[in-house]
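Here the structure is laid out as structure tokens; the discussion comes afterwards.
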Amino acid sequence: MLKKEFKRTDVNRMRNLITGKTNASTGAQTGYSKKEENHKEGDVWKEGRKTWTIKNGIKQTISKLDKIRKESFMPLCCPKCGNIMKSQLDKPNYRIHKKCHDCIIKFEGSLKNKGLYKEYIKNLKGNNALTSLNEMESYLLDAVNTSNSSFISEDGVVERWVGGLDKEKYTKDIKTLTKQAKERVKKEIND
Ligand SMILES: [Zn+2]
């Protein structure tokens, strides 16, 4: 069984959480430890009793991905207008808005007429940021609670922590930071 380590990317994610940069890159070095196996985006491998993959730079279990896949399933017809959804534009739009591209164009057009478009975009961005924060929180909690006592520092040096990772403290910190970041985003939406 491979050892899981709290990695440089986790440190970067944590820093992004602190500074509120939810969309920031966690660095070119994806950090799936050199002396173990190098996993890259899209790889699938067994570790412990779970099957893992890397999607959007985040290491996650396959069962979690299946859930996401089910949520992004697109029906044949648009629930709003009933037209068949087939254009390349329908799929990404359906995932976010649960309606076809034409319906979104119409909807956004009507918002522009009413002068509500800016407000709408602000809410959309805010909600995306909240979703990212929730994902980051569960990722970090997962990382902290499956990590052993080793840790790769910023310069790539493996450090062994006497007594191991203080899971309780990290868990508390992650929850607090996420809460603060979410409150910041909510405040921005309501401003
Ligand atoms: Zn439609």
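In the structure tokens, chains take the letters A, B, ... in the order shown, each chain's residues start at 1, and ligands count up from 1 in the order shown.
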
Env of stretch 74-88 of chain A: 8 Å cut, atoms = only C-alpha atoms, seq-sep filter 5 positions within chain, self excluded. Answer as JSON, numbers by chain. {"A": [94, 95, 98, 99, 100, 103]}

Would you output that residue set with N, CA, C and O atoms, as a PDB file, in the first residue's frame?
ATOM      1  N   TYR A  94     -25.791  23.250 -20.271  1.00  0.00           N
ATOM      2  CA  TYR A  94     -26.748  22.462 -19.494  1.00  0.00           C
ATOM      3  C   TYR A  94     -26.184  22.140 -18.117  1.00  0.00           C
ATOM      4  O   TYR A  94     -26.886  22.180 -17.115  1.00  0.00           O
ATOM      5  N   ARG A  95     -24.891  21.834 -18.089  1.00  0.00           N
ATOM      6  CA  ARG A  95     -24.247  21.480 -16.823  1.00  0.00           C
ATOM      7  C   ARG A  95     -24.411  22.579 -15.775  1.00  0.00           C
ATOM      8  O   ARG A  95     -24.640  22.302 -14.609  1.00  0.00           O
ATOM      9  N   LYS A  98     -28.827  24.057 -16.541  1.00  0.00           N
ATOM     10  CA  LYS A  98     -29.929  23.103 -16.716  1.00  0.00           C
ATOM     11  C   LYS A  98     -30.933  23.555 -17.782  1.00  0.00           C
ATOM     12  O   LYS A  98     -32.140  23.375 -17.643  1.00  0.00           O
ATOM     13  N   LYS A  99     -30.419  24.183 -18.826  1.00  0.00           N
ATOM     14  CA  LYS A  99     -31.231  24.467 -20.010  1.00  0.00           C
ATOM     15  C   LYS A  99     -30.328  24.641 -21.226  1.00  0.00           C
ATOM     16  O   LYS A  99     -29.106  24.694 -21.079  1.00  0.00           O
ATOM     17  N   CYS A 100     -30.945  24.714 -22.417  1.00  0.00           N
ATOM     18  CA  CYS A 100     -30.139  24.739 -23.634  1.00  0.00           C
ATOM     19  C   CYS A 100     -29.525  26.113 -23.883  1.00  0.00           C
ATOM     20  O   CYS A 100     -29.902  27.106 -23.262  1.00  0.00           O
ATOM     21  N   CYS A 103     -31.952  28.911 -24.862  1.00  0.00           N
ATOM     22  CA  CYS A 103     -32.723  29.411 -23.718  1.00  0.00           C
ATOM     23  C   CYS A 103     -31.885  30.377 -22.872  1.00  0.00           C
ATOM     24  O   CYS A 103     -32.406  31.369 -22.362  1.00  0.00           O
TER      25      CYS A 103
END

Residues near stretch 107-119 of chain A, anyone? I mean within 12 Å using only C-alpha atoms, not counting same-chain ones fewer than 3 positions away, as number ranges by chain. A: 80-81, 97, 99-104, 122-126, 188-191

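Interatomic distance, atom CA of A:Asn93 to atom CA of A:Asn128: 13.7 Å.
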
Could you please determine the separation between atom CA of A:Lys50 and atom CA of A:Leu130 in Å, to one decimal place? 27.7 Å

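Of the listed residues (A:Asp90, A:Asp142, A:Asp173, A:Asp166), A:Asp90 comes nearest to ligand 1; the distances count only C-alpha atoms and all ligand atoms.
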
One decimal, Å: what's the distance from atom CA of A:Lys46 over to atom CA of A:Ala143, could you say? 16.5 Å
